[in-house]
file data10.txt (compact mmCIF, C-alpha atoms)
# COMPACT_ATOMS: atom_id res chain seq x y z
CA MET A 11 46.03 126.45 72.71
CA ILE A 12 47.82 123.88 74.84
CA LYS A 13 49.81 121.60 72.54
CA ILE A 14 49.88 117.88 73.40
CA LEU A 15 52.16 115.12 72.15
CA ILE A 16 50.68 111.62 72.50
CA VAL A 17 53.31 108.93 73.17
CA GLU A 18 51.57 105.56 72.90
CA ASP A 19 52.72 102.33 71.26
CA ASP A 20 49.22 100.95 70.62
CA PRO A 21 47.90 102.67 67.47
CA MET A 22 44.26 102.17 68.43
CA VAL A 23 44.73 103.62 71.93
CA ALA A 24 46.71 106.51 70.43
CA LYS A 25 43.84 107.18 68.04
CA PHE A 26 41.29 107.27 70.86
CA ASN A 27 43.52 109.54 72.96
CA ARG A 28 43.77 111.95 70.04
CA VAL A 29 40.00 111.95 69.62
CA TYR A 30 39.65 112.66 73.35
CA VAL A 31 42.12 115.55 73.18
CA GLU A 32 40.30 117.14 70.28
CA LYS A 33 37.01 117.04 72.22
CA VAL A 34 38.38 119.25 75.02
CA ASP A 35 38.39 123.00 74.37
CA GLY A 36 41.75 124.70 74.56
CA PHE A 37 43.85 121.67 73.62
CA GLU A 38 45.48 120.63 70.36
CA ALA A 39 47.03 117.26 69.47
CA ALA A 40 50.36 118.41 68.05
CA GLY A 41 51.34 114.88 67.12
CA VAL A 42 51.28 111.15 67.84
CA VAL A 43 54.38 108.96 68.19
CA HIS A 44 54.71 105.32 69.12
CA ASN A 45 57.94 105.08 71.13
CA VAL A 46 60.29 107.18 73.22
CA ALA A 47 62.89 107.65 70.47
CA GLN A 48 60.24 109.15 68.20
CA ALA A 49 59.08 111.37 71.06
CA TRP A 50 62.56 112.83 71.55
CA GLU A 51 62.87 113.48 67.80
CA PHE A 52 59.50 115.25 67.82
CA LEU A 53 60.55 117.44 70.78
CA LYS A 54 63.69 118.48 68.90
CA ARG A 55 61.54 119.80 66.05
CA GLU A 56 58.54 121.25 67.85
CA GLU A 57 57.57 122.75 71.18
CA VAL A 58 54.78 121.10 73.14
CA ASP A 59 53.30 121.87 76.53
CA LEU A 60 52.15 118.45 77.64
CA LEU A 61 52.91 114.78 76.98
CA LEU A 62 50.32 112.03 77.30
CA LEU A 63 52.86 109.32 78.06
CA ASP A 64 52.43 105.55 78.16
CA VAL A 65 54.65 103.50 80.47
CA TYR A 66 54.97 100.10 78.79
CA MET A 67 56.81 100.57 75.50
CA SER A 68 59.59 98.64 73.79
CA LYS A 69 63.24 99.46 74.53
CA THR A 70 62.66 102.58 76.66
CA THR A 71 59.71 102.99 79.04
CA GLY A 72 57.69 106.10 79.58
CA LEU A 73 59.00 106.35 83.14
CA GLU A 74 62.57 106.40 81.85
CA MET A 75 61.64 109.19 79.48
CA LEU A 76 60.01 111.14 82.31
CA MET A 77 63.23 110.85 84.35
CA GLU A 78 65.32 112.10 81.43
CA LEU A 79 62.94 114.98 80.84
CA ARG A 80 63.38 116.15 84.42
CA LYS A 81 67.17 115.76 84.28
CA SER A 82 67.27 117.80 81.08
CA GLY A 83 65.20 120.60 82.61
CA ARG A 84 62.95 120.70 79.55
CA PRO A 85 59.74 122.61 80.46
CA VAL A 86 57.26 119.93 79.38
CA ASP A 87 54.53 118.59 81.65
CA VAL A 88 53.49 114.94 81.64
CA ILE A 89 50.28 113.03 82.25
CA ILE A 90 50.88 109.30 82.50
CA ILE A 91 48.28 107.16 80.70
CA THR A 92 48.94 103.47 81.25
CA ALA A 93 47.78 100.07 82.40
CA ALA A 94 50.61 100.08 84.95
CA ASN A 95 48.96 100.26 88.37
CA ASP A 96 51.82 98.95 90.53
CA ASN A 97 53.14 101.04 93.39
CA TYR A 98 56.57 101.53 91.82
CA SER A 99 55.18 103.01 88.59
CA VAL A 100 52.77 105.33 90.38
CA GLN A 101 55.32 106.52 92.95
CA THR A 102 58.05 107.02 90.35
CA ALA A 103 55.76 109.02 88.08
CA LEU A 104 54.67 111.31 90.91
CA ARG A 105 58.21 111.73 92.26
CA TYR A 106 59.38 112.86 88.85
CA GLY A 107 56.61 115.40 88.50
CA ALA A 108 53.80 113.79 86.52
CA VAL A 109 50.79 116.08 86.90
CA ASP A 110 48.31 113.20 86.72
CA TYR A 111 48.19 109.42 86.41
CA LEU A 112 45.37 107.78 84.43
CA ILE A 113 45.01 104.01 84.66
CA LYS A 114 43.55 102.26 81.63
CA PRO A 115 40.71 101.80 81.02
CA PHE A 116 39.34 105.20 81.97
CA ASP A 117 36.31 107.11 80.73
CA PHE A 118 36.25 110.40 78.85
CA GLU A 119 35.00 112.37 81.85
CA ARG A 120 38.06 111.43 83.91
CA PHE A 121 40.31 112.32 80.97
CA ARG A 122 38.50 115.62 80.44
CA GLU A 123 38.74 116.53 84.13
CA SER A 124 42.48 115.90 84.05
CA LEU A 125 43.03 118.21 81.08
CA LEU A 126 40.73 120.94 82.38
CA LEU A 127 42.43 120.96 85.79
CA TYR A 128 45.78 121.23 84.05
CA LYS A 129 44.47 124.09 81.91
CA LYS A 130 43.10 125.89 84.96
CA LYS A 131 46.37 125.49 86.85
CA GLN A 132 48.45 126.76 83.91
CA ALA A 133 46.20 129.79 83.46
CA PHE A 134 46.41 130.56 87.16
CA ILE A 135 50.20 130.28 87.30
CA ASN A 136 50.78 132.24 84.09
CA GLU A 137 48.49 135.11 85.06
CA ALA A 138 49.47 135.53 88.71
CA GLU A 139 52.48 137.63 89.66
CA ALA A 140 52.43 136.10 93.13
CA VAL A 141 50.21 133.48 94.76
CA SER A 142 49.01 132.73 98.27
CA GLN A 143 49.10 129.31 99.88
CA GLU A 144 45.29 129.24 99.90
CA GLU A 145 45.16 129.87 96.14
CA LEU A 146 47.82 127.28 95.37
CA ASP A 147 46.61 124.42 97.58
CA PRO A 148 43.70 123.23 95.39
CA PHE A 149 46.20 122.39 92.64
CA LEU A 150 48.62 120.59 94.95
CA LEU A 151 46.59 118.78 97.57
CA ASN A 152 43.54 116.55 97.70
CA ARG A 153 42.32 118.19 100.90
CA GLU A 154 38.94 117.72 102.53
CA GLU A 155 37.03 120.78 103.60
CA SER A 156 36.59 119.30 107.05
CA GLU A 157 37.16 116.07 108.97
CA GLY A 158 34.56 113.38 108.44
CA LYS A 159 33.36 114.68 105.06
CA PRO A 160 33.96 112.70 101.89
CA PRO A 161 35.74 114.36 98.95
CA SER A 162 33.50 116.42 96.69
CA LEU A 163 32.26 114.21 93.88
CA PRO A 164 33.15 114.73 90.23
CA LYS A 165 30.40 115.58 87.80
CA GLY A 166 28.21 112.58 87.03
CA LEU A 167 28.63 110.83 90.40
CA THR A 168 25.74 111.08 92.88
CA PRO A 169 25.78 110.64 96.68
CA ILE A 170 22.84 108.22 96.72
CA THR A 171 24.37 105.85 94.19
CA PHE A 172 27.71 106.19 95.94
CA ALA A 173 26.05 105.18 99.22
CA ARG A 174 24.77 101.92 97.71
CA ILE A 175 28.17 101.08 96.26
CA ALA A 176 29.98 102.05 99.47
CA LYS A 177 27.67 99.79 101.51
CA GLN A 178 28.61 96.81 99.34
CA ILE A 179 32.32 97.67 99.47
CA LYS A 180 32.17 97.74 103.26
CA ALA A 181 30.42 94.35 103.30
CA TRP A 182 33.32 93.00 101.20
CA GLN A 183 36.09 94.81 103.07
CA ASP A 184 38.04 91.56 103.55
CA ARG A 185 37.92 90.39 99.92
CA THR A 186 38.65 91.53 96.40
CA PHE A 187 35.86 92.31 93.97
CA SER A 188 35.29 93.52 90.42
CA ALA A 189 32.93 96.08 88.90
CA LYS A 190 30.83 93.14 87.72
CA ASP A 191 30.55 91.82 91.30
CA ILE A 192 29.37 95.19 92.61
CA ALA A 193 26.96 95.65 89.70
CA GLU A 194 25.33 92.26 90.29
CA ALA A 195 25.04 92.86 94.04
CA THR A 196 23.59 96.38 93.79
CA GLY A 197 21.65 96.36 90.52
CA ILE A 198 23.65 99.36 89.28
CA SER A 199 25.02 99.14 85.73
CA ARG A 200 28.58 97.93 85.39
CA VAL A 201 29.52 101.07 83.41
CA SER A 202 28.32 103.29 86.27
CA VAL A 203 29.95 101.14 88.95
CA ARG A 204 33.27 101.31 87.14
CA LYS A 205 33.24 105.13 87.32
CA TYR A 206 32.76 105.08 91.09
CA LEU A 207 35.41 102.42 91.65
CA HIS A 208 38.01 104.23 89.57
CA TYR A 209 37.24 107.44 91.44
CA LEU A 210 37.87 105.61 94.73
CA VAL A 211 41.18 104.38 93.34
CA ASP A 212 42.10 107.96 92.39
CA VAL A 213 41.51 109.15 95.97
CA ASP A 214 43.41 106.16 97.44
CA VAL A 215 40.40 104.51 99.09
CA LEU A 216 40.66 101.39 96.93
CA GLU A 217 43.62 99.45 95.59
CA ALA A 218 43.37 98.10 92.04
CA ASP A 219 45.05 95.16 90.36
CA VAL A 220 44.84 93.73 86.86
CA ILE A 221 44.40 89.99 86.33
CA TYR A 222 44.72 88.64 82.80
CA GLN A 223 42.12 86.01 82.02
CA SER A 224 42.61 82.95 79.80
CA THR A 225 41.23 84.98 76.89
CA GLY A 226 44.00 87.54 77.39
CA ARG A 227 41.56 90.25 78.41
CA PRO A 228 42.38 92.20 81.58
CA ARG A 229 40.05 91.96 84.59
CA HIS A 230 40.29 94.72 87.17
CA GLN A 231 40.05 93.63 90.79
CA PHE A 232 39.64 96.04 93.69
CA CYS A 233 40.03 95.89 97.45
CA LEU A 234 39.44 98.40 100.22
CA ARG A 235 42.36 100.07 101.96
CA ILE A 236 41.18 99.18 105.44
CA GLU A 237 42.62 102.38 106.92
CA LYS A 238 40.21 104.31 104.64
CA ILE A 239 37.04 102.63 105.88
CA ASP A 240 36.00 105.91 107.55
CA VAL A 241 35.75 107.47 104.09
CA ILE A 242 33.47 104.62 102.99
CA ASN A 243 31.34 105.23 106.10
CA THR A 244 30.88 108.89 105.16
CA PHE A 245 29.68 107.94 101.68
CA MET A 246 27.25 105.42 103.21
CA ALA A 247 25.76 108.19 105.36
CA ALA A 248 24.21 109.78 102.26
CA ASP A 249 21.70 106.91 102.17
CA LYS A 250 20.24 108.08 105.50
CA GLU A 251 19.80 111.73 104.56
call {"tool": "encode", "arguments": {"input": "data10.txt", "output": "structure tokens"}}
result
Amino acid sequence: MIKILIVEDDPMVAKFNRVYVEKVDGFEAAGVVHNVAQAWEFLKREEVDLLLLDVYMSKTTGLEMLMELRKSGRPVDVIIITAANDNYSVQTALRYGAVDYLIKPFDFERFRESLLLYKKKQAFINEAEAVSQEELDPFLLNREESEGKPPSLPKGLTPITFARIAKQIKAWQDRTFSAKDIAEATGISRVSVRKYLHYLVDVDVLEADVIYQSTGRPRHQFCLRIEKIDVINTFMAADKE
């Protein structure tokens, strides 16, 4: 079993993360703590394989803990789970070895895929005496099989639906939009649209920003990275097949 420590200052989010962990085979929630100081105390007492680490916490941030982990040489992997979607947070997390970066809110499928890929990579590394570049690349690079083809889609996303969403994104290439905007324009449910948009953020086709409304609730806005419009065109092509 892969042991996970959840480091999250919001008790409700921590509870949901624990429920998610326990739904994925091969993983065990070893504990839940609500700040970095508690996380260090837990690591002194018990060994864990993986941290689910929030960024925004009082006193010490998750990114600061990640930096200290790497300086200490402690063999613990980290998946960042946070609302922080700014370039600095993402780049810092990746530079200091985070194995994945999940931006809140995310769905269970994205969470599950992250854990299962981690599990597959750990099994591969632990079992292999030596590895080839070809065997290692799928865990290190988001590489396309060939030029002009879109990335393979995760389970639950279909090319035809993607084509409809991509067509609307291209029409709005010079403006920002929300999942609600796309849903109203295409007739696709907002829940489904959100999955496709967050996937496009994960593969760097869209940029995402969070705007806090007068009610205090976050609203996610997206815009196309114009240099990635060719990827959008390849998704649109599915509508003609």
call {"tool": "residues_around", "arguments": {"input": "data10.txt", "residues": "stretch 111-127 of chain A", "least_positions_apart": "2", "cutoff": "10 Å", "atoms": "only C-alpha atoms", "output": "PyMOL selection string"}}
result
chain A and resi 12+23+26-27+30-31+33-37+60+62-64+88-95+99-100+103-104+108-109+129-133+148-149+164-166+201+204-205+208-209+211-212+218+228+230
call {"tool": "residues_near_point", "arguments": {"input": "data10.txt", "point": "(29.7, 96.5, 92.2)", "cutoff": "12 Å", "atoms": "all atoms listed in the file", "output": "ChimeraX atom specification"}}
result
/A:171-182,186-208,230-233
call {"tool": "write_last_selection", "arguments": {"input": "data10.txt", "atoms": "C-alpha atoms", "output": "compact mmCIF listing (two decimals), in the frame of the given file"}}
result
# COMPACT_ATOMS: atom_id res chain seq x y z
CA THR A 171 24.37 105.85 94.19
CA PHE A 172 27.71 106.19 95.94
CA ALA A 173 26.05 105.18 99.22
CA ARG A 174 24.77 101.92 97.71
CA ILE A 175 28.17 101.08 96.26
CA ALA A 176 29.98 102.05 99.47
CA LYS A 177 27.67 99.79 101.51
CA GLN A 178 28.61 96.81 99.34
CA ILE A 179 32.32 97.67 99.47
CA LYS A 180 32.17 97.74 103.26
CA ALA A 181 30.42 94.35 103.30
CA TRP A 182 33.32 93.00 101.20
CA THR A 186 38.65 91.53 96.40
CA PHE A 187 35.86 92.31 93.97
CA SER A 188 35.29 93.52 90.42
CA ALA A 189 32.93 96.08 88.90
CA LYS A 190 30.83 93.14 87.72
CA ASP A 191 30.55 91.82 91.30
CA ILE A 192 29.37 95.19 92.61
CA ALA A 193 26.96 95.65 89.70
CA GLU A 194 25.33 92.26 90.29
CA ALA A 195 25.04 92.86 94.04
CA THR A 196 23.59 96.38 93.79
CA GLY A 197 21.65 96.36 90.52
CA ILE A 198 23.65 99.36 89.28
CA SER A 199 25.02 99.14 85.73
CA ARG A 200 28.58 97.93 85.39
CA VAL A 201 29.52 101.07 83.41
CA SER A 202 28.32 103.29 86.27
CA VAL A 203 29.95 101.14 88.95
CA ARG A 204 33.27 101.31 87.14
CA LYS A 205 33.24 105.13 87.32
CA TYR A 206 32.76 105.08 91.09
CA LEU A 207 35.41 102.42 91.65
CA HIS A 208 38.01 104.23 89.57
CA HIS A 230 40.29 94.72 87.17
CA GLN A 231 40.05 93.63 90.79
CA PHE A 232 39.64 96.04 93.69
CA CYS A 233 40.03 95.89 97.45
call {"tool": "closest_residue", "arguments": {"input": "data10.txt", "among": "A:Leu234, A:Ser142, A:Met11, A:Asp96", "to": "A:Val220", "atoms": "only C-alpha atoms"}}
result
A:Asp96
call {"tool": "residues_around", "arguments": {"input": "data10.txt", "residues": "A:His44", "least_positions_apart": "6", "cutoff": "9 Å", "atoms": "only C-alpha atoms", "output": "tab-separated table (two decimals) with C-alpha atoms, keeping the file's coordinate frame"}}
result
chain	number	residue	atom	x	y	z
A	16	ILE	CA	50.68	111.62	72.50
A	17	VAL	CA	53.31	108.93	73.17
A	18	GLU	CA	51.57	105.56	72.90
A	19	ASP	CA	52.72	102.33	71.26
A	20	ASP	CA	49.22	100.95	70.62
A	21	PRO	CA	47.90	102.67	67.47
A	24	ALA	CA	46.71	106.51	70.43
A	67	MET	CA	56.81	100.57	75.50
call {"tool": "atom_distance", "arguments": {"input": "data10.txt", "atom1": "atom CA of A:Glu237", "atom2": "atom CA of A:Arg185"}}
result
14.7 Å
call {"tool": "atom_distance", "arguments": {"input": "data10.txt", "atom1": "atom CA of A:Gln183", "atom2": "atom CA of A:Arg229"}}
result
19.1 Å
call {"tool": "residues_near_point", "arguments": {"input": "data10.txt", "point": "(62.4, 111.3, 72.2)", "cutoff": "12 Å", "atoms": "only C-alpha atoms", "output": "number ranges by chain"}}
result
A: 15-17, 42-56, 61, 63, 70-72, 74-76, 78-79, 84
call {"tool": "closest_residue", "arguments": {"input": "data10.txt", "among": "A:Thr102, A:Thr168, A:Gln143, A:Asn136", "to": "A:Met246", "atoms": "only C-alpha atoms"}}
result
A:Thr168
call {"tool": "atom_distance", "arguments": {"input": "data10.txt", "atom1": "atom CA of A:Tyr98", "atom2": "atom CA of A:Val213"}}
result
17.4 Å
call {"tool": "decode", "arguments": {"input": "data10.txt", "residues": "stretch 107-129 of chain A", "atoms": "C-alpha atoms", "output": "PDB file, in the first residue's frame"}}
result
ATOM      1  CA  GLY A 107       9.883  17.974  -7.906  1.00  0.00           C
ATOM      2  CA  ALA A 108       6.114  17.867  -7.396  1.00  0.00           C
ATOM      3  CA  VAL A 109       4.875  14.845  -9.338  1.00  0.00           C
ATOM      4  CA  ASP A 110       1.532  16.474 -10.152  1.00  0.00           C
ATOM      5  CA  TYR A 111      -0.365  19.725  -9.644  1.00  0.00           C
ATOM      6  CA  LEU A 112      -4.147  19.640  -9.135  1.00  0.00           C
ATOM      7  CA  ILE A 113      -6.017  22.932  -9.221  1.00  0.00           C
ATOM      8  CA  LYS A 114      -9.178  23.149  -7.129  1.00  0.00           C
ATOM      9  CA  PRO A 115     -11.899  22.374  -7.914  1.00  0.00           C
ATOM     10  CA  PHE A 116     -11.113  19.102  -9.660  1.00  0.00           C
ATOM     11  CA  ASP A 117     -13.181  15.974 -10.170  1.00  0.00           C
ATOM     12  CA  PHE A 118     -12.523  12.506  -8.802  1.00  0.00           C
ATOM     13  CA  GLU A 119     -11.459  11.116 -12.181  1.00  0.00           C
ATOM     14  CA  ARG A 120      -8.601  13.617 -12.449  1.00  0.00           C
ATOM     15  CA  PHE A 121      -7.570  12.822  -8.875  1.00  0.00           C
ATOM     16  CA  ARG A 122      -7.761   9.085  -9.525  1.00  0.00           C
ATOM     17  CA  GLU A 123      -5.698   9.365 -12.708  1.00  0.00           C
ATOM     18  CA  SER A 124      -3.013  11.253 -10.802  1.00  0.00           C
ATOM     19  CA  LEU A 125      -2.728   8.570  -8.125  1.00  0.00           C
ATOM     20  CA  LEU A 126      -2.840   5.665 -10.565  1.00  0.00           C
ATOM     21  CA  LEU A 127      -0.108   7.189 -12.745  1.00  0.00           C
ATOM     22  CA  TYR A 128       2.007   7.673  -9.636  1.00  0.00           C
ATOM     23  CA  LYS A 129       1.370   4.067  -8.607  1.00  0.00           C
TER      24      LYS A 129
END
